[in-house]
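Colleague: Dropping in work.pdb, which is PDB, C-alpha atoms:
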```
ATOM      1  CA  GLU A   1     -30.360  21.576 -18.534
ATOM      2  CA  ILE A   2     -31.179  17.878 -17.959
ATOM      3  CA  LEU A   3     -34.819  17.126 -17.333
ATOM      4  CA  PRO A   4     -36.242  13.764 -16.304
ATOM      5  CA  ILE A   5     -38.538  11.870 -18.622
ATOM      6  CA  VAL A   6     -42.004  13.166 -17.875
ATOM      7  CA  SER A   7     -45.128  11.049 -18.188
ATOM      8  CA  SER A   8     -47.990  12.044 -20.462
ATOM      9  CA  LYS A   9     -49.677  13.495 -17.367
ATOM     10  CA  GLY A  10     -46.879  16.025 -17.039
ATOM     11  CA  GLN A  11     -45.260  14.678 -13.922
ATOM     12  CA  TRP A  12     -42.368  12.522 -12.823
ATOM     13  CA  THR A  13     -41.356  11.123  -9.443
ATOM     14  CA  GLY A  14     -38.120   9.362  -8.704
ATOM     15  CA  GLU A  15     -35.219   8.870  -6.339
ATOM     16  CA  ILE A  16     -32.045  10.773  -7.058
ATOM     17  CA  ASP A  17     -28.733  10.791  -5.201
ATOM     18  CA  MET A  18     -27.223  14.239  -4.841
ATOM     19  CA  ILE A  19     -24.063  15.766  -3.413
ATOM     20  CA  ARG A  20     -24.536  18.614  -0.961
ATOM     21  CA  LYS A  21     -22.339  21.687  -0.936
ATOM     22  CA  ASP A  22     -20.351  20.196   1.982
ATOM     23  CA  GLY A  23     -19.611  17.098  -0.129
ATOM     24  CA  ASP A  24     -21.952  14.684   1.682
ATOM     25  CA  ASN A  25     -24.118  12.386  -0.414
ATOM     26  CA  ILE A  26     -27.853  12.568   0.200
ATOM     27  CA  HIS A  27     -30.755  10.539  -1.131
ATOM     28  CA  THR A  28     -33.821  12.413  -2.330
ATOM     29  CA  ILE A  29     -37.237  11.860  -3.792
ATOM     30  CA  GLU A  30     -38.001  14.409  -6.437
ATOM     31  CA  ASN A  31     -41.411  15.286  -7.801
ATOM     32  CA  PHE A  32     -41.331  17.126 -11.132
ATOM     33  CA  PHE A  33     -44.480  18.761 -12.510
ATOM     34  CA  LEU A  34     -45.003  20.564 -15.785
ATOM     35  CA  ILE A  35     -47.199  23.618 -15.605
ATOM     36  CA  LYS A  36     -49.235  24.260 -18.738
ATOM     37  CA  ASN A  37     -51.452  27.068 -19.891
ATOM     38  CA  GLN A  38     -54.971  26.700 -21.314
ATOM     39  CA  GLN A  39     -53.494  26.006 -24.761
ATOM     40  CA  ASP A  40     -51.658  23.003 -23.269
ATOM     41  CA  GLU A  41     -48.305  24.756 -23.713
ATOM     42  CA  ILE A  42     -45.591  24.291 -21.119
ATOM     43  CA  VAL A  43     -45.072  27.595 -19.348
ATOM     44  CA  SER A  44     -43.117  26.467 -16.307
ATOM     45  CA  TYR A  45     -42.321  23.550 -14.075
ATOM     46  CA  ALA A  46     -42.192  22.863 -10.360
ATOM     47  CA  ILE A  47     -39.901  20.548  -8.478
ATOM     48  CA  SER A  48     -40.218  19.387  -4.898
ATOM     49  CA  VAL A  49     -37.254  17.656  -3.286
ATOM     50  CA  THR A  50     -37.476  15.591  -0.101
ATOM     51  CA  ASP A  51     -34.340  14.412   1.686
ATOM     52  CA  ILE A  52     -34.770  10.683   2.455
ATOM     53  CA  THR A  53     -31.188  10.038   3.572
ATOM     54  CA  ASP A  54     -32.183   8.968   7.099
ATOM     55  CA  ARG A  55     -34.807   6.576   5.729
ATOM     56  CA  LYS A  56     -32.295   5.071   3.289
ATOM     57  CA  HIS A  57     -29.768   4.559   6.083
ATOM     58  CA  ALA A  58     -32.455   2.886   8.229
ATOM     59  CA  GLU A  59     -33.378   0.590   5.308
ATOM     60  CA  GLU A  60     -29.722  -0.331   4.807
ATOM     61  CA  ALA A  61     -29.318  -1.071   8.531
ATOM     62  CA  LEU A  62     -32.441  -3.244   8.451
ATOM     63  CA  GLN A  63     -31.157  -5.159   5.425
ATOM     64  CA  LYS A  64     -27.825  -5.736   7.173
ATOM     65  CA  SER A  65     -29.604  -6.898  10.332
ATOM     66  CA  GLU A  66     -31.817  -9.277   8.346
ATOM     67  CA  SER A  67     -28.784 -10.626   6.515
ATOM     68  CA  ASN A  68     -26.990 -11.229   9.819
ATOM     69  CA  PHE A  69     -30.062 -12.980  11.226
ATOM     70  CA  ARG A  70     -30.280 -15.235   8.153
ATOM     71  CA  LEU A  71     -26.573 -16.146   8.492
ATOM     72  CA  ILE A  72     -26.932 -16.959  12.194
ATOM     73  CA  PHE A  73     -30.173 -18.856  11.604
ATOM     74  CA  SER A  74     -28.799 -20.874   8.709
ATOM     75  CA  ASN A  75     -25.384 -21.687  10.177
ATOM     76  CA  ALA A  76     -26.211 -22.322  13.838
ATOM     77  CA  ALA A  77     -25.060 -25.639  15.298
ATOM     78  CA  VAL A  78     -28.376 -26.044  17.141
ATOM     79  CA  GLY A  79     -31.811 -26.499  15.650
ATOM     80  CA  ILE A  80     -33.815 -23.296  15.259
ATOM     81  CA  ASP A  81     -37.438 -22.899  14.277
ATOM     82  CA  VAL A  82     -39.920 -20.062  13.974
ATOM     83  CA  VAL A  83     -43.552 -21.003  14.557
ATOM     84  CA  ASP A  84     -46.844 -19.146  14.550
ATOM     85  CA  GLU A  85     -49.643 -19.241  17.118
ATOM     86  CA  ASN A  86     -50.909 -22.522  15.593
ATOM     87  CA  ALA A  87     -47.484 -24.129  16.146
ATOM     88  CA  ASP A  88     -46.976 -24.341  12.377
ATOM     89  CA  PHE A  89     -43.370 -24.093  11.226
ATOM     90  CA  LEU A  90     -42.696 -20.900   9.288
ATOM     91  CA  GLN A  91     -38.922 -21.308   9.193
ATOM     92  CA  VAL A  92     -36.560 -24.096  10.179
ATOM     93  CA  ASN A  93     -32.804 -24.218   9.871
ATOM     94  CA  GLU A  94     -30.686 -26.974   8.371
ATOM     95  CA  ALA A  95     -29.466 -28.203  11.778
ATOM     96  CA  LEU A  96     -33.040 -28.904  12.892
ATOM     97  CA  ALA A  97     -33.862 -30.646   9.615
ATOM     98  CA  ARG A  98     -30.810 -32.906  10.034
ATOM     99  CA  MET A  99     -31.747 -33.691  13.657
ATOM    100  CA  MET A 100     -35.245 -34.678  12.620
ATOM    101  CA  GLY A 101     -34.274 -36.531   9.432
ATOM    102  CA  TYR A 102     -36.455 -34.319   7.230
ATOM    103  CA  THR A 103     -35.669 -31.742   4.606
ATOM    104  CA  ARG A 104     -36.401 -28.149   5.546
ATOM    105  CA  ASP A 105     -39.314 -28.105   3.090
ATOM    106  CA  GLU A 106     -40.787 -31.285   4.595
ATOM    107  CA  LEU A 107     -40.589 -29.839   8.109
ATOM    108  CA  LYS A 108     -42.293 -26.634   6.995
ATOM    109  CA  GLN A 109     -45.298 -28.744   5.968
ATOM    110  CA  LEU A 110     -45.647 -29.981   9.569
ATOM    111  CA  ASN A 111     -46.212 -28.386  12.937
ATOM    112  CA  ILE A 112     -44.712 -28.937  16.363
ATOM    113  CA  GLN A 113     -47.288 -31.533  17.388
ATOM    114  CA  ASN A 114     -46.421 -33.695  14.357
ATOM    115  CA  ILE A 115     -42.879 -34.222  15.652
ATOM    116  CA  THR A 116     -43.517 -34.169  19.424
ATOM    117  CA  HIS A 117     -43.745 -37.438  21.335
ATOM    118  CA  PRO A 118     -47.419 -37.921  22.362
ATOM    119  CA  ASP A 119     -46.493 -38.147  26.049
ATOM    120  CA  ASP A 120     -44.879 -34.672  25.803
ATOM    121  CA  SER A 121     -47.638 -33.033  23.761
ATOM    122  CA  GLU A 122     -49.279 -31.087  26.599
ATOM    123  CA  LYS A 123     -45.932 -30.310  28.208
ATOM    124  CA  SER A 124     -44.958 -28.684  24.902
ATOM    125  CA  SER A 125     -48.221 -27.002  23.842
ATOM    126  CA  THR A 126     -49.263 -25.416  27.171
ATOM    127  CA  PRO A 127     -46.250 -23.080  27.598
ATOM    128  CA  LEU A 128     -46.389 -22.156  23.897
ATOM    129  CA  LYS A 129     -50.020 -21.105  24.282
ATOM    130  CA  GLN A 130     -49.076 -19.145  27.409
ATOM    131  CA  LEU A 131     -46.304 -17.417  25.450
ATOM    132  CA  PHE A 132     -48.764 -16.338  22.751
ATOM    133  CA  ASP A 133     -51.263 -15.246  25.423
ATOM    134  CA  SER A 134     -48.490 -13.068  26.936
ATOM    135  CA  LYS A 135     -48.583 -15.070  30.164
ATOM    136  CA  LYS A 136     -44.942 -16.141  29.726
ATOM    137  CA  ASP A 137     -41.915 -14.205  28.516
ATOM    138  CA  SER A 138     -40.060 -17.359  27.485
ATOM    139  CA  TYR A 139     -39.729 -20.959  28.576
ATOM    140  CA  ARG A 140     -37.373 -23.914  28.553
ATOM    141  CA  ILE A 141     -38.250 -27.608  28.725
ATOM    142  CA  GLU A 142     -36.783 -31.002  27.988
ATOM    143  CA  LYS A 143     -38.953 -33.020  25.666
ATOM    144  CA  ARG A 144     -38.923 -35.914  23.245
ATOM    145  CA  TYR A 145     -39.126 -35.539  19.502
ATOM    146  CA  ILE A 146     -40.031 -38.165  16.921
ATOM    147  CA  LYS A 147     -37.726 -38.275  13.925
ATOM    148  CA  LYS A 148     -38.897 -39.020  10.404
ATOM    149  CA  ASP A 149     -37.678 -42.634  10.775
ATOM    150  CA  GLY A 150     -39.812 -43.030  13.949
ATOM    151  CA  SER A 151     -36.921 -42.992  16.394
ATOM    152  CA  ILE A 152     -37.105 -40.799  19.467
ATOM    153  CA  PHE A 153     -34.581 -38.327  20.806
ATOM    154  CA  TRP A 154     -34.498 -36.025  23.804
ATOM    155  CA  ALA A 155     -33.870 -32.332  23.362
ATOM    156  CA  ASP A 156     -33.555 -29.177  25.370
ATOM    157  CA  LEU A 157     -36.013 -26.620  23.952
ATOM    158  CA  ALA A 158     -35.786 -22.887  24.711
ATOM    159  CA  VAL A 159     -38.542 -20.658  23.301
ATOM    160  CA  SER A 160     -38.859 -16.863  23.175
ATOM    161  CA  PRO A 161     -41.254 -14.453  21.480
ATOM    162  CA  TYR A 162     -40.177 -12.995  18.184
ATOM    163  CA  TYR A 163     -41.904 -10.250  16.218
ATOM    164  CA  ASP A 164     -42.124 -10.149  12.448
ATOM    165  CA  VAL A 165     -40.847  -7.183  10.437
ATOM    166  CA  THR A 166     -44.098  -5.264  11.000
ATOM    167  CA  ASN A 167     -43.467  -5.630  14.757
ATOM    168  CA  LYS A 168     -47.158  -6.484  15.143
ATOM    169  CA  ARG A 169     -47.376 -10.249  14.689
ATOM    170  CA  MET A 170     -45.823 -12.296  17.452
ATOM    171  CA  LEU A 171     -44.122 -15.519  16.498
ATOM    172  CA  ALA A 172     -42.093 -17.932  18.617
ATOM    173  CA  ILE A 173     -38.480 -18.776  17.991
ATOM    174  CA  GLY A 174     -37.176 -21.991  19.455
ATOM    175  CA  THR A 175     -33.704 -23.409  19.807
ATOM    176  CA  ILE A 176     -33.456 -27.175  20.001
ATOM    177  CA  THR A 177     -30.361 -28.923  21.353
ATOM    178  CA  ASP A 178     -30.100 -32.713  21.113
ATOM    179  CA  ILE A 179     -29.346 -34.019  24.607
TER     180      ILE A 179
END
```
Written as structure tokens, how would this file's structure read?

Modeller:
Amino acid sequence: EILPIVSSKGQWTGEIDMIRKDGDNIHTIENFFLIKNQQDEIVSYAISVTDITDRKHAEEALQKSESNFRLIFSNAAVGIDVVDENADFLQVNEALARMMGYTRDELKQLNIQNITHPDDSEKSSTPLKQLFDSKKDSYRIEKRYIKKDGSIFWADLAVSPYYDVTNKRMLAIGTITDI
């Protein structure tokens, strides 16, 4: 009989993969408890087993989805950013960094207004605020950006809401195409 290593408190919890009678693999969480008498002698034990196969499959699907998103985000030919309600960059891809002449880390220290031409500031900030106030589902505008070297370029910007992994915090994801 193989018993798990039990803590000094007489219990152990851990994940164990098992094979069912039909040959399918399942993932479980097992709770193992020693039962002692008044003399602190082990007289029995109890085990509870919970099948977490569905949860494990959902976690694997989420990891695959996140991996696919990262690949698309990183390798897209257009600029992509994720900003919060303050228009601060949370994520930027390499294409956007190249367009702007910054490194990704430098861009993440800025916000949208830092790289928007002053004449397009309101044109850019008003629909973003409306998006975060749930008054817009998405929007698309042409606007001017200011590169790190001070030069200006026109871009087509499309913005949509995006929810973080908790599905509670709305962010905005923008795609920027140099026109």

Colleague: What would the selection look like, as a list in words, if the PyMOL selection byres ((chain A and resi 147) around 10) were run on the coordinates I just shared?

Modeller: Ala97, Arg98, Met99, Met100, Gly101, Tyr102, Asn114, Ile115, Thr116, His117, Arg144, Tyr145, Ile146, Lys148, Asp149, Gly150, Ser151, Ile152 and Phe153 of chain A

Colleague: Listed atoms of stretch 119-132 of chain A, axis-aligned box, 5 Å per side: centre and edge lengths to one decimal in Å, as lines of an AutoDock Vina configuration file?

Modeller:
```
center_x = -47.4
center_y = -27.2
center_z = 25.5
size_x = 15.1
size_y = 31.8
size_z = 15.5
```

Colleague: If you measure from atom CA of A:Ser134 to atom CA of A:Met170, what distance in Å do you get, rounded to one decimal?

Modeller: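 Between atom CA of A:Ser134 and atom CA of A:Met170 the gap is 9.9 Å.
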
Colleague: Written as a count of residues only, which residues does the PyMOL selection byres ((chain A and resi 143) around 6) give for the file shown?

Modeller: 4

Colleague: Determine the residue membership of the PyMOL selection byres ((chain A and resi 33-47) around 7) for the file above and supply it as a list in words.

Modeller: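 So the PyMOL selection byres ((chain A and resi 33-47) around 7) ends up selecting Gly10, Gln11, Trp12, Glu30, Asn31, Phe32, Ser48 and Val49 of chain A.
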
Colleague: Would you kindly return, as a ChimeraX atom specification, each protein, DNA or RNA residue with an atom no farther than 10 Å from any atom of A:Ser160, considering all atoms listed in the file and excluding same-chain residues fewer than 4 positions away?

Modeller: /A:82,128,131-132,136-140,171-175

Colleague: With C-alpha atoms retained, export the selected residues as an mmCIF file, keeping the file's coordinate frame.

Modeller:
```cif
data_model
loop_
_atom_site.group_PDB
_atom_site.id
_atom_site.type_symbol
_atom_site.label_atom_id
_atom_site.label_comp_id
_atom_site.auth_asym_id
_atom_site.auth_seq_id
_atom_site.Cartn_x
_atom_site.Cartn_y
_atom_site.Cartn_z
ATOM 1 C CA VAL A 82 -39.920 -20.062 13.974
ATOM 2 C CA LEU A 128 -46.389 -22.156 23.897
ATOM 3 C CA LEU A 131 -46.304 -17.417 25.450
ATOM 4 C CA PHE A 132 -48.764 -16.338 22.751
ATOM 5 C CA LYS A 136 -44.942 -16.141 29.726
ATOM 6 C CA ASP A 137 -41.915 -14.205 28.516
ATOM 7 C CA SER A 138 -40.060 -17.359 27.485
ATOM 8 C CA TYR A 139 -39.729 -20.959 28.576
ATOM 9 C CA ARG A 140 -37.373 -23.914 28.553
ATOM 10 C CA LEU A 171 -44.122 -15.519 16.498
ATOM 11 C CA ALA A 172 -42.093 -17.932 18.617
ATOM 12 C CA ILE A 173 -38.480 -18.776 17.991
ATOM 13 C CA GLY A 174 -37.176 -21.991 19.455
ATOM 14 C CA THR A 175 -33.704 -23.409 19.807
#
```

Colleague: To one decimal place, how far is atom CA of A:Glu122 from atom CA of A:Lys135 in Å?

Modeller: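 According to the coordinates, atom CA of A:Glu122 and atom CA of A:Lys135 are separated by 16.4 Å.
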
Colleague: Can you work out which one of A:Ile176, A:Ile16, A:Ile112, A:Ile29 has the shortest atom-to-atom distance to A:Ala158, counting all atoms listed in the file?

Modeller: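 Ranking A:Ile176, A:Ile16, A:Ile112, A:Ile29 by distance to A:Ala158, first place goes to A:Ile176.
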
Colleague: Grab the atom CA of A:His27 to atom CA of A:Ser65 distance for me, in Å with one decimal place.

Modeller: 20.9 Å

Colleague: Do a neighbour search on A:Asp17 at 12 Å with only C-alpha atoms, toss out local chain neighbours closer than 3 positions, and write the hits as a PyMOL selection string.

Modeller: chain A and resi 14+20+24-30+49-53+56

Colleague: When distances are computed from all atoms listed in the file, which of A:Glu59, A:Asp88, A:Asp156, A:Asp105 shows the smallest separation from A:Ser125?

Modeller: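 Looking only at the distances to A:Ser125, the closest residue turns out to be A:Asp88.
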
Colleague: Calculated over only C-alpha atoms, which of the candidates A:Glu85, A:Ala58, A:Lys168, A:Asn93 has the smallest distance to A:Phe73?

Modeller: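 For A:Phe73, the nearest of the candidates is A:Asn93.
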
Colleague: A:Thr126, A:Glu15, A:Leu96, A:Lys64: which is nearest A:Val78, counting only C-alpha atoms?

Modeller: A:Leu96
